[in-house]
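Undergrad: This is target_34.csv, which holds CSV, C-alpha atoms and all ligand atoms:
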```csv
chain,number,residue,atom,x,y,z
A,1,MET,CA,37.1,9.1,10.6
A,2,THR,CA,36.2,12.8,10.8
A,3,GLU,CA,32.8,13.9,12.0
A,4,PRO,CA,30.4,15.1,9.4
A,5,ALA,CA,30.5,18.9,9.2
A,6,PHE,CA,26.7,19.2,9.4
A,7,ASP,CA,24.2,18.1,11.9
A,8,VAL,CA,22.7,14.9,10.4
A,9,GLN,CA,19.3,16.1,11.6
A,10,LEU,CA,19.4,18.8,9.0
A,11,SER,CA,18.9,16.2,6.4
A,12,LEU,CA,15.5,15.3,7.8
A,13,VAL,CA,12.6,16.3,5.5
A,14,ALA,CA,10.5,17.5,8.5
A,15,GLU,CA,11.0,17.5,12.3
A,16,ALA,CA,8.7,18.5,15.1
A,17,ALA,CA,9.9,18.9,18.7
A,18,GLY,CA,7.4,19.4,21.5
A,19,MET,CA,5.1,20.9,18.8
A,20,GLY,CA,1.6,21.9,19.8
A,21,LYS,CA,-1.4,23.5,18.1
A,22,ILE,CA,-4.1,25.4,19.9
A,23,TYR,CA,-7.0,26.7,17.9
A,24,ARG,CA,-8.7,29.7,19.5
A,25,ARG,CA,-12.3,30.5,18.8
A,26,GLY,CA,-13.3,33.5,20.9
A,27,ALA,CA,-12.8,32.3,24.5
A,28,GLU,CA,-12.7,28.7,23.5
A,29,GLU,CA,-9.3,26.9,23.2
A,30,ILE,CA,-9.0,23.6,21.3
A,31,HIS,CA,-5.8,21.7,21.9
A,32,ALA,CA,-5.6,19.9,18.5
A,33,LEU,CA,-2.0,18.8,19.0
A,34,ARG,CA,-0.1,18.4,22.3
A,35,GLU,CA,3.7,18.5,22.4
A,36,ILE,CA,4.4,16.0,19.7
A,37,SER,CA,7.9,15.1,18.7
A,38,VAL,CA,8.4,13.2,15.5
A,39,ALA,CA,10.9,13.2,12.5
A,40,PHE,CA,10.5,12.2,8.9
A,41,ALA,CA,13.6,11.0,7.1
A,42,PRO,CA,14.1,11.2,3.3
A,43,GLY,CA,12.4,8.2,1.6
A,44,GLU,CA,10.2,7.3,4.5
A,45,PHE,CA,6.5,6.3,4.1
A,46,THR,CA,4.7,7.1,7.3
A,47,CYS,CA,1.1,6.6,8.1
A,48,VAL,CA,-0.6,8.9,10.7
A,49,LEU,CA,-3.5,6.8,12.1
A,50,GLY,CA,-6.1,8.0,14.4
A,51,PRO,CA,-9.9,8.5,14.9
A,52,SER,CA,-11.8,11.6,13.8
A,53,GLY,CA,-10.6,14.7,15.7
A,54,ALA,CA,-7.3,13.1,16.7
A,55,GLY,CA,-5.3,15.9,15.0
A,56,LYS,CA,-4.3,14.3,11.8
A,57,THR,CA,-5.2,17.1,9.5
A,58,THR,CA,-3.8,19.6,11.9
A,59,LEU,CA,-0.4,17.7,11.8
A,60,LEU,CA,-0.4,17.5,8.0
A,61,ASN,CA,-1.2,21.2,7.7
A,62,LEU,CA,1.7,22.1,10.0
A,63,LEU,CA,4.1,19.8,8.2
A,64,GLY,CA,2.9,21.3,4.9
A,65,VAL,CA,3.4,24.8,6.3
A,66,MET,CA,-0.3,25.7,5.7
A,67,ASP,CA,-0.5,26.7,9.3
A,68,VAL,CA,2.0,27.4,12.1
A,69,PRO,CA,2.4,25.8,15.6
A,70,THR,CA,1.4,27.6,18.8
A,71,SER,CA,4.2,25.8,20.8
A,72,GLY,CA,7.4,23.9,20.3
A,73,ALA,CA,9.6,23.7,17.2
A,74,LEU,CA,9.2,22.8,13.6
A,75,ARG,CA,11.7,22.4,10.8
A,76,VAL,CA,10.6,21.6,7.2
A,77,ALA,CA,13.0,21.0,4.3
A,78,GLY,CA,15.9,22.3,6.3
A,79,THR,CA,14.2,25.6,7.3
A,80,THR,CA,13.1,26.5,10.8
A,81,ILE,CA,9.4,27.4,10.7
A,82,ALA,CA,9.0,27.8,14.5
A,83,ASP,CA,11.2,27.6,17.5
A,84,ALA,CA,10.1,27.8,21.2
A,85,GLY,CA,6.6,28.5,20.0
A,86,ARG,CA,7.6,31.5,18.0
A,87,VAL,CA,7.2,31.6,14.3
A,88,ARG,CA,10.5,32.1,12.6
A,89,LEU,CA,9.5,32.3,8.9
A,90,ALA,CA,7.2,35.0,7.6
A,91,GLU,CA,4.2,34.2,5.5
A,92,GLY,CA,5.9,34.9,2.2
A,93,GLY,CA,8.7,32.6,3.1
A,94,ARG,CA,6.3,29.9,4.1
A,95,ASP,CA,4.4,30.2,0.9
A,96,ARG,CA,7.6,29.8,-1.1
A,97,LEU,CA,8.8,26.9,1.0
A,98,ARG,CA,5.5,25.2,0.5
A,99,ARG,CA,5.4,25.8,-3.3
A,100,GLU,CA,9.0,24.5,-3.7
A,101,ASN,CA,8.9,21.5,-1.4
A,102,ILE,CA,5.4,20.2,-0.6
A,103,GLY,CA,2.8,18.3,-2.5
A,104,PHE,CA,-0.7,18.0,-1.0
A,105,ILE,CA,-3.5,15.5,-1.7
A,106,PHE,CA,-6.9,15.7,-0.2
A,107,THR,CA,-10.0,13.4,0.1
A,108,GLU,CA,-12.0,15.7,-2.2
A,109,PHE,CA,-9.5,15.9,-5.0
A,110,PHE,CA,-10.1,19.7,-5.5
A,111,LEU,CA,-9.8,19.6,-9.3
A,112,LEU,CA,-11.0,22.6,-11.3
A,113,PRO,CA,-14.1,21.3,-13.3
A,114,THR,CA,-13.5,23.4,-16.4
A,115,LEU,CA,-9.9,22.3,-16.9
A,116,THR,CA,-8.6,19.2,-18.5
A,117,ALA,CA,-6.4,16.7,-16.7
A,118,VAL,CA,-3.2,18.2,-18.1
A,119,GLU,CA,-4.4,21.7,-17.3
A,120,ASN,CA,-5.2,20.7,-13.7
A,121,VAL,CA,-1.8,19.2,-13.2
A,122,GLN,CA,-0.1,22.3,-14.5
A,123,LEU,CA,-2.1,24.6,-12.3
A,124,PRO,CA,0.3,24.9,-9.3
A,125,LEU,CA,3.0,26.2,-11.6
A,126,LEU,CA,0.9,28.9,-13.2
A,127,TRP,CA,2.7,31.5,-11.1
A,128,ALA,CA,6.1,30.4,-12.4
A,129,GLU,CA,5.0,30.9,-16.0
A,130,LYS,CA,6.9,27.8,-16.9
A,131,ASP,CA,6.2,25.6,-19.9
A,132,ASP,CA,5.6,22.4,-18.0
A,133,HIS,CA,3.2,20.8,-20.4
A,134,SER,CA,5.5,17.9,-21.3
A,135,TYR,CA,6.2,17.2,-17.6
A,136,ALA,CA,2.5,17.3,-16.8
A,137,VAL,CA,1.9,14.7,-19.5
A,138,GLU,CA,4.8,12.6,-18.2
A,139,LEU,CA,3.3,12.7,-14.7
A,140,LEU,CA,-0.2,11.7,-15.9
A,141,GLU,CA,1.4,8.8,-17.7
A,142,ARG,CA,3.3,8.0,-14.5
A,143,VAL,CA,0.0,7.7,-12.6
A,144,GLY,CA,-1.6,5.6,-15.3
A,145,LEU,CA,-3.7,8.3,-17.0
A,146,GLY,CA,-1.9,8.7,-20.3
A,147,HIS,CA,-5.2,7.9,-22.0
A,148,ARG,CA,-7.1,10.7,-20.1
A,149,LEU,CA,-5.0,13.7,-20.8
A,150,THR,CA,-7.8,15.9,-22.2
A,151,HIS,CA,-10.6,14.6,-20.0
A,152,ARG,CA,-12.3,17.0,-17.6
A,153,PRO,CA,-13.1,15.9,-14.0
A,154,THR,CA,-16.8,15.2,-14.9
A,155,GLU,CA,-15.5,12.7,-17.5
A,156,MET,CA,-13.4,10.7,-15.0
A,157,SER,CA,-14.0,8.2,-12.2
A,158,GLY,CA,-13.2,9.1,-8.6
A,159,GLY,CA,-10.0,7.0,-8.8
A,160,GLU,CA,-8.9,8.8,-12.0
A,161,MET,CA,-9.6,12.2,-10.4
A,162,GLN,CA,-7.4,11.3,-7.4
A,163,ARG,CA,-4.7,10.2,-9.8
A,164,VAL,CA,-4.9,13.6,-11.5
A,165,ALA,CA,-4.6,15.2,-8.1
A,166,ILE,CA,-1.6,13.1,-7.3
A,167,ALA,CA,0.1,14.1,-10.6
A,168,ARG,CA,-0.7,17.8,-9.7
A,169,ALA,CA,0.9,17.3,-6.3
A,170,LEU,CA,4.1,16.1,-8.0
A,171,ILE,CA,4.4,18.9,-10.6
A,172,ASN,CA,6.7,21.0,-8.3
A,173,ARG,CA,9.0,18.0,-7.7
A,174,PRO,CA,8.2,18.0,-3.9
A,175,ARG,CA,10.5,16.6,-1.2
A,176,LEU,CA,7.4,15.8,0.9
A,177,LEU,CA,4.1,14.4,-0.3
A,178,LEU,CA,1.3,14.9,2.3
A,179,ALA,CA,-1.9,12.9,1.7
A,180,ASP,CA,-4.9,13.6,3.9
A,181,GLU,CA,-7.3,10.6,3.8
A,182,PRO,CA,-6.6,10.3,0.1
A,183,THR,CA,-8.8,7.2,-0.4
A,184,GLY,CA,-11.8,8.4,1.7
A,185,ASN,CA,-13.9,9.0,-1.4
A,186,VAL,CA,-13.2,5.8,-3.4
A,187,ASP,CA,-14.2,2.2,-3.1
A,188,THR,CA,-11.8,-0.4,-1.7
A,189,LYS,CA,-10.6,-1.7,-5.1
A,190,THR,CA,-9.8,1.9,-6.2
A,191,ARG,CA,-8.2,2.5,-2.8
A,192,ASP,CA,-5.9,-0.4,-3.4
A,193,GLY,CA,-4.8,0.9,-6.8
A,194,ILE,CA,-4.2,4.4,-5.4
A,195,PHE,CA,-2.2,2.9,-2.5
A,196,ASP,CA,-0.1,0.8,-4.9
A,197,LEU,CA,0.7,4.1,-6.7
A,198,PHE,CA,1.9,5.7,-3.4
A,199,ARG,CA,4.1,2.7,-2.8
A,200,GLU,CA,5.6,3.0,-6.2
A,201,LEU,CA,6.3,6.7,-5.7
A,202,ASN,CA,7.9,5.9,-2.4
A,203,ALA,CA,10.0,3.2,-3.9
A,204,ASP,CA,11.2,5.9,-6.3
A,205,GLY,CA,12.4,7.8,-3.2
A,206,LEU,CA,9.5,10.1,-2.4
A,207,THR,CA,8.9,10.9,1.2
A,208,ILE,CA,5.2,10.4,2.0
A,209,VAL,CA,3.1,11.1,5.1
A,210,LEU,CA,-0.4,9.7,4.7
A,211,ALA,CA,-3.2,10.4,7.3
A,212,THR,CA,-6.1,8.0,7.6
A,213,HIS,CA,-8.5,6.4,10.1
A,214,ASP,CA,-8.5,3.2,7.9
A,215,GLY,CA,-6.6,0.6,10.0
A,216,GLU,CA,-6.6,-1.8,7.1
A,217,LEU,CA,-4.7,0.7,5.0
A,218,ALA,CA,-2.3,1.5,7.9
A,219,ALA,CA,-1.5,-2.2,8.3
A,220,ARG,CA,0.2,-2.1,4.9
A,221,ILE,CA,2.5,0.8,5.8
A,222,ASP,CA,5.8,0.1,7.5
A,223,ARG,CA,5.8,3.1,9.9
A,224,VAL,CA,2.6,4.0,11.7
A,225,ILE,CA,2.2,6.9,14.1
A,226,HIS,CA,-0.9,6.5,16.2
A,227,LEU,CA,-2.5,9.9,17.1
A,228,ARG,CA,-5.2,10.2,19.8
A,229,GLU,CA,-6.6,13.4,21.2
A,230,GLY,CA,-3.6,15.4,19.9
A,231,ARG,CA,-1.0,13.0,21.3
A,232,ILE,CA,1.2,10.4,19.7
A,233,VAL,CA,0.4,7.3,21.7
A,234,GLU,CA,2.5,4.9,19.6
A,235,GLY,CA,5.1,4.9,16.9
A,236,ALA,CA,7.1,8.2,17.0
B,1,LIG,N1,-9.7,25.7,12.2
B,1,LIG,C1,-10.0,25.1,13.4
B,1,LIG,N2,-10.5,25.9,14.4
B,1,LIG,C2,-10.9,25.3,15.5
B,1,LIG,N3,-10.8,24.0,15.8
B,1,LIG,C3,-10.3,23.2,14.9
B,1,LIG,C4,-9.9,23.7,13.6
B,1,LIG,N4,-9.5,22.7,12.9
B,1,LIG,C5,-9.6,21.6,13.6
B,1,LIG,N5,-10.1,21.9,14.8
B,1,LIG,C6,-10.3,20.9,16.0
B,1,LIG,O1,-9.1,20.3,16.3
B,1,LIG,C7,-9.2,19.0,16.6
B,1,LIG,C8,-8.4,18.1,15.6
B,1,LIG,O2,-8.9,18.3,14.3
B,1,LIG,P1,-8.3,17.6,13.0
B,1,LIG,O3,-9.1,18.2,11.8
B,1,LIG,O4,-6.9,17.8,13.0
B,1,LIG,O5,-8.7,16.1,13.2
B,1,LIG,P2,-8.6,14.8,12.2
B,1,LIG,O6,-7.8,13.8,13.0
B,1,LIG,O7,-8.0,15.3,10.9
B,1,LIG,O8,-10.1,14.3,12.1
B,1,LIG,P3,-10.8,13.7,10.8
B,1,LIG,O9,-10.5,12.3,10.8
B,1,LIG,O10,-12.3,13.9,11.2
B,1,LIG,O11,-10.4,14.5,9.6
B,1,LIG,C9,-10.7,18.7,16.5
B,1,LIG,O12,-11.2,18.8,17.8
B,1,LIG,C10,-11.3,19.8,15.6
B,1,LIG,O13,-12.6,20.1,16.0
B,2,MG,MG,-8.8,15.3,9.0
```
Starting from the coordinates I provided, produce the structure as structure tokens.
Ligand SMILES: Nc1ncnc2c1ncn2[C@@H]1O[C@H](COP(=O)(O)OP(=O)(O)OP(=O)(O)O)[C@@H](O)[C@H]1O
Ligand SMILES: [Mg+2]

TA:
Amino acid sequence: MTEPAFDVQLSLVAEAAGMGKIYRRGAEEIHALREISVAFAPGEFTCVLGPSGAGKTTLLNLLGVMDVPTSGALRVAGTTIADAGRVRLAEGGRDRLRRENIGFIFTEFFLLPTLTAVENVQLPLLWAEKDDHSYAVELLERVGLGHRLTHRPTEMSGGEMQRVAIARALINRPRLLLADEPTGNVDTKTRDGIFDLFRELNADGLTIVLATHDGELAARIDRVIHLREGRIVEGA
């Protein structure tokens, strides 16, 4: 058999090697991540578990190319973001890579209050001037909100708002869905419903990295990476 012509590692959705992040505030240095090495394969559902301040949000922001590492290497969606601690992709390229490959979900939903559910879902593609109304509707139906299309955030429950945010994160057909404590603002029953939805999306092939300090939630996810004080202490 002939060897594959490409490095199989290139097919990883994201890969960090010895990646670190130091935040500098004046003379103060905060080591938020310390030389972590971890890879995310297509179709994987990974939980990043750790206490407050462990570096979960920092890691998700780096994987989502919202921020850049201060040491080590990072590749996302086949593109080198940083290598040997040097940034290799300029801001415009990072913005584009993020728009085309990444979906983000946050604890606070971040929906625009004056827009309907469908309009909120369409928002990320505004720049593309695409007519994506029917896909936005399809996604809202997919997340179980076909009956809430014209509702505004104030007319929805927390769980419904998070489902709208999930549909919005999917509108650009991302290769990687990043969820930062997505069930931090909802009760446990709603949490379970949202979690089931993540599972279904993953079963459809979506790669997901979910950060949480909720051990009960983590116990239901096959792959758990334990972060503590900026280090992976288990599971890489
Ligand atoms: N922009 C920033 N500037 C300076 N320090 C920061 C910044 N963002 C985070 N930190 C620090 O980096 C460390 C890791 O923070 P991070 O937000 O990644 O933790 P976390 O695991 O997401 O915590 P939580 O569960 O509370 O959300 C913390 O010590 C935090 O104070
Ligand atoms: Mg956080």

Undergrad: Just the residues within 12 Å of Gly230 in chain A, please, counting only C-alpha atoms, with nothing from its chain fewer than 5 positions along; format it as a PyMOL selection string.

TA: chain A and resi 18-23+30-37+48-59+225

Undergrad: Just the selected residues (C-alpha atoms), exported as a CSV table (one decimal), in the frame of the given file, please.

TA:
```
chain,number,residue,atom,x,y,z
A,18,GLY,CA,7.4,19.4,21.5
A,19,MET,CA,5.1,20.9,18.8
A,20,GLY,CA,1.6,21.9,19.8
A,21,LYS,CA,-1.4,23.5,18.1
A,22,ILE,CA,-4.1,25.4,19.9
A,23,TYR,CA,-7.0,26.7,17.9
A,30,ILE,CA,-9.0,23.6,21.3
A,31,HIS,CA,-5.8,21.7,21.9
A,32,ALA,CA,-5.6,19.9,18.5
A,33,LEU,CA,-2.0,18.8,19.0
A,34,ARG,CA,-0.1,18.4,22.3
A,35,GLU,CA,3.7,18.5,22.4
A,36,ILE,CA,4.4,16.0,19.7
A,37,SER,CA,7.9,15.1,18.7
A,48,VAL,CA,-0.6,8.9,10.7
A,49,LEU,CA,-3.5,6.8,12.1
A,50,GLY,CA,-6.1,8.0,14.4
A,51,PRO,CA,-9.9,8.5,14.9
A,52,SER,CA,-11.8,11.6,13.8
A,53,GLY,CA,-10.6,14.7,15.7
A,54,ALA,CA,-7.3,13.1,16.7
A,55,GLY,CA,-5.3,15.9,15.0
A,56,LYS,CA,-4.3,14.3,11.8
A,57,THR,CA,-5.2,17.1,9.5
A,58,THR,CA,-3.8,19.6,11.9
A,59,LEU,CA,-0.4,17.7,11.8
A,225,ILE,CA,2.2,6.9,14.1
```

Undergrad: List every protein, DNA or RNA residue with an atom no more than 8 Å from (1.7, 7.4, -7.9) in the file's coordinates, counting all atoms listed in the file, and format the result as number ranges by chain.

TA: A: 142-143, 163, 166-167, 194, 196-201

Undergrad: Could you give me, as a PDB file with C-alpha atoms, in the frame of the given file, the residues that have an atom at most 10 Å away from the point (-13.6, 16.1, -17.2) in the coordinates of the file, using only C-alpha atoms?

TA:
```pdb
ATOM      1  CA  LEU A 111      -9.800  19.600  -9.300  1.00  0.00           C
ATOM      2  CA  LEU A 112     -11.000  22.600 -11.300  1.00  0.00           C
ATOM      3  CA  PRO A 113     -14.100  21.300 -13.300  1.00  0.00           C
ATOM      4  CA  THR A 114     -13.500  23.400 -16.400  1.00  0.00           C
ATOM      5  CA  LEU A 115      -9.900  22.300 -16.900  1.00  0.00           C
ATOM      6  CA  THR A 116      -8.600  19.200 -18.500  1.00  0.00           C
ATOM      7  CA  ALA A 117      -6.400  16.700 -16.700  1.00  0.00           C
ATOM      8  CA  ARG A 148      -7.100  10.700 -20.100  1.00  0.00           C
ATOM      9  CA  LEU A 149      -5.000  13.700 -20.800  1.00  0.00           C
ATOM     10  CA  THR A 150      -7.800  15.900 -22.200  1.00  0.00           C
ATOM     11  CA  HIS A 151     -10.600  14.600 -20.000  1.00  0.00           C
ATOM     12  CA  ARG A 152     -12.300  17.000 -17.600  1.00  0.00           C
ATOM     13  CA  PRO A 153     -13.100  15.900 -14.000  1.00  0.00           C
ATOM     14  CA  THR A 154     -16.800  15.200 -14.900  1.00  0.00           C
ATOM     15  CA  GLU A 155     -15.500  12.700 -17.500  1.00  0.00           C
ATOM     16  CA  MET A 156     -13.400  10.700 -15.000  1.00  0.00           C
ATOM     17  CA  SER A 157     -14.000   8.200 -12.200  1.00  0.00           C
ATOM     18  CA  MET A 161      -9.600  12.200 -10.400  1.00  0.00           C
TER      19      MET A 161
END
```

Undergrad: What gap, in Å, lies between CA of Leu210 in chain A and CA of Glu181 in chain A?

TA: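 Value for the CA of Leu210 in chain A-CA of Glu181 in chain A distance: 7.0 Å.
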
Undergrad: Tell me, in Å to one decimal, how far CA of Asp95 in chain A is from CA of Ala73 in chain A.

TA: 18.3 Å

Undergrad: Could you extract range 51-87 of chain A of the given structure into a file holding N, CA and C atoms, as an mmCIF file, in the first residue's frame?

TA:
```
data_model
loop_
_atom_site.group_PDB
_atom_site.id
_atom_site.type_symbol
_atom_site.label_atom_id
_atom_site.label_comp_id
_atom_site.auth_asym_id
_atom_site.auth_seq_id
_atom_site.Cartn_x
_atom_site.Cartn_y
_atom_site.Cartn_z
ATOM 1 N N PRO A 51 -11.857 23.963 37.127
ATOM 2 C CA PRO A 51 -12.445 24.981 38.001
ATOM 3 C C PRO A 51 -12.280 26.391 37.421
ATOM 4 N N SER A 52 -12.927 27.342 38.043
ATOM 5 C CA SER A 52 -12.836 28.729 37.597
ATOM 6 C C SER A 52 -11.373 29.177 37.571
ATOM 7 N N GLY A 53 -10.971 29.816 36.494
ATOM 8 C CA GLY A 53 -9.608 30.311 36.357
ATOM 9 C C GLY A 53 -8.637 29.297 35.780
ATOM 10 N N ALA A 54 -9.109 28.083 35.469
ATOM 11 C CA ALA A 54 -8.217 27.024 34.970
ATOM 12 C C ALA A 54 -7.681 27.318 33.575
ATOM 13 N N GLY A 55 -8.391 28.160 32.822
ATOM 14 C CA GLY A 55 -7.939 28.480 31.468
ATOM 15 C C GLY A 55 -8.864 27.984 30.367
ATOM 16 N N LYS A 56 -10.075 27.586 30.732
ATOM 17 C CA LYS A 56 -11.019 27.018 29.759
ATOM 18 C C LYS A 56 -11.391 28.029 28.676
ATOM 19 N N THR A 57 -11.810 29.212 29.108
ATOM 20 C CA THR A 57 -12.206 30.230 28.131
ATOM 21 C C THR A 57 -11.015 30.646 27.278
ATOM 22 N N THR A 58 -9.853 30.740 27.919
ATOM 23 C CA THR A 58 -8.631 31.078 27.180
ATOM 24 C C THR A 58 -8.389 30.050 26.077
ATOM 25 N N LEU A 59 -8.520 28.760 26.395
ATOM 26 C CA LEU A 59 -8.304 27.706 25.409
ATOM 27 C C LEU A 59 -9.328 27.807 24.277
ATOM 28 N N LEU A 60 -10.602 27.973 24.614
ATOM 29 C CA LEU A 60 -11.628 28.075 23.576
ATOM 30 C C LEU A 60 -11.396 29.298 22.688
ATOM 31 N N ASN A 61 -11.001 30.411 23.289
ATOM 32 C CA ASN A 61 -10.740 31.618 22.497
ATOM 33 C C ASN A 61 -9.582 31.411 21.521
ATOM 34 N N LEU A 62 -8.587 30.631 21.933
ATOM 35 C CA LEU A 62 -7.465 30.347 21.034
ATOM 36 C C LEU A 62 -7.906 29.398 19.921
ATOM 37 N N LEU A 63 -8.658 28.341 20.285
ATOM 38 C CA LEU A 63 -9.137 27.393 19.272
ATOM 39 C C LEU A 63 -10.063 28.084 18.282
ATOM 40 N N GLY A 64 -10.803 29.080 18.762
ATOM 41 C CA GLY A 64 -11.738 29.816 17.909
ATOM 42 C C GLY A 64 -11.105 31.011 17.235
ATOM 43 N N VAL A 65 -9.792 31.153 17.403
ATOM 44 C CA VAL A 65 -9.020 32.214 16.766
ATOM 45 C C VAL A 65 -9.562 33.606 17.115
ATOM 46 N N MET A 66 -10.091 33.727 18.332
ATOM 47 C CA MET A 66 -10.498 35.036 18.848
ATOM 48 C C MET A 66 -9.269 35.746 19.422
ATOM 49 N N ASP A 67 -8.264 34.940 19.739
ATOM 50 C CA ASP A 67 -7.044 35.441 20.362
ATOM 51 C C ASP A 67 -5.895 34.570 19.842
ATOM 52 N N VAL A 68 -4.659 34.991 20.069
ATOM 53 C CA VAL A 68 -3.505 34.230 19.569
ATOM 54 C C VAL A 68 -2.611 33.802 20.737
ATOM 55 N N PRO A 69 -1.942 32.634 20.588
ATOM 56 C CA PRO A 69 -1.074 32.169 21.670
ATOM 57 C C PRO A 69 0.179 33.045 21.824
ATOM 58 N N THR A 70 0.800 32.967 22.986
ATOM 59 C CA THR A 70 2.063 33.697 23.181
ATOM 60 C C THR A 70 3.258 32.747 23.113
ATOM 61 N N SER A 71 2.998 31.420 23.096
ATOM 62 C CA SER A 71 4.076 30.463 22.858
ATOM 63 C C SER A 71 3.500 29.217 22.209
ATOM 64 N N GLY A 72 4.388 28.446 21.571
ATOM 65 C CA GLY A 72 3.971 27.191 20.973
ATOM 66 C C GLY A 72 3.293 27.360 19.621
ATOM 67 N N ALA A 73 2.627 26.271 19.199
ATOM 68 C CA ALA A 73 2.035 26.235 17.866
ATOM 69 C C ALA A 73 0.544 25.947 17.934
ATOM 70 N N LEU A 74 -0.165 26.470 16.942
ATOM 71 C CA LEU A 74 -1.606 26.227 16.840
ATOM 72 C C LEU A 74 -1.994 26.152 15.380
ATOM 73 N N ARG A 75 -2.717 25.088 15.047
ATOM 74 C CA ARG A 75 -3.309 24.962 13.708
ATOM 75 C C ARG A 75 -4.813 24.803 13.875
ATOM 76 N N VAL A 76 -5.569 25.504 13.064
ATOM 77 C CA VAL A 76 -7.029 25.388 13.097
ATOM 78 C C VAL A 76 -7.518 25.262 11.659
ATOM 79 N N ALA A 77 -8.359 24.271 11.417
ATOM 80 C CA ALA A 77 -8.945 24.057 10.083
ATOM 81 C C ALA A 77 -7.857 24.047 8.993
ATOM 82 N N GLY A 78 -6.762 23.369 9.302
ATOM 83 C CA GLY A 78 -5.711 23.184 8.300
ATOM 84 C C GLY A 78 -4.803 24.387 8.092
ATOM 85 N N THR A 79 -4.984 25.427 8.894
ATOM 86 C CA THR A 79 -4.195 26.649 8.729
ATOM 87 C C THR A 79 -3.338 26.879 9.965
ATOM 88 N N THR A 80 -2.071 27.216 9.755
ATOM 89 C CA THR A 80 -1.198 27.510 10.883
ATOM 90 C C THR A 80 -1.486 28.918 11.387
ATOM 91 N N ILE A 81 -1.898 29.013 12.642
ATOM 92 C CA ILE A 81 -2.192 30.311 13.262
ATOM 93 C C ILE A 81 -0.914 30.852 13.912
ATOM 94 N N ALA A 82 -0.209 29.951 14.600
ATOM 95 C CA ALA A 82 1.028 30.340 15.264
ATOM 96 C C ALA A 82 1.981 29.159 15.238
ATOM 97 N N ASP A 83 3.263 29.496 15.229
ATOM 98 C CA ASP A 83 4.295 28.473 15.203
ATOM 99 C C ASP A 83 5.492 29.024 15.972
ATOM 100 N N ALA A 84 6.036 28.206 16.863
ATOM 101 C CA ALA A 84 7.162 28.644 17.696
ATOM 102 C C ALA A 84 6.872 29.989 18.368
ATOM 103 N N GLY A 85 5.614 30.148 18.776
ATOM 104 C CA GLY A 85 5.232 31.361 19.513
ATOM 105 C C GLY A 85 5.029 32.589 18.649
ATOM 106 N N ARG A 86 5.218 32.430 17.331
ATOM 107 C CA ARG A 86 5.027 33.577 16.440
ATOM 108 C C ARG A 86 3.716 33.446 15.675
ATOM 109 N N VAL A 87 2.984 34.531 15.605
ATOM 110 C CA VAL A 87 1.710 34.511 14.890
ATOM 111 C C VAL A 87 1.989 34.461 13.394
#
```
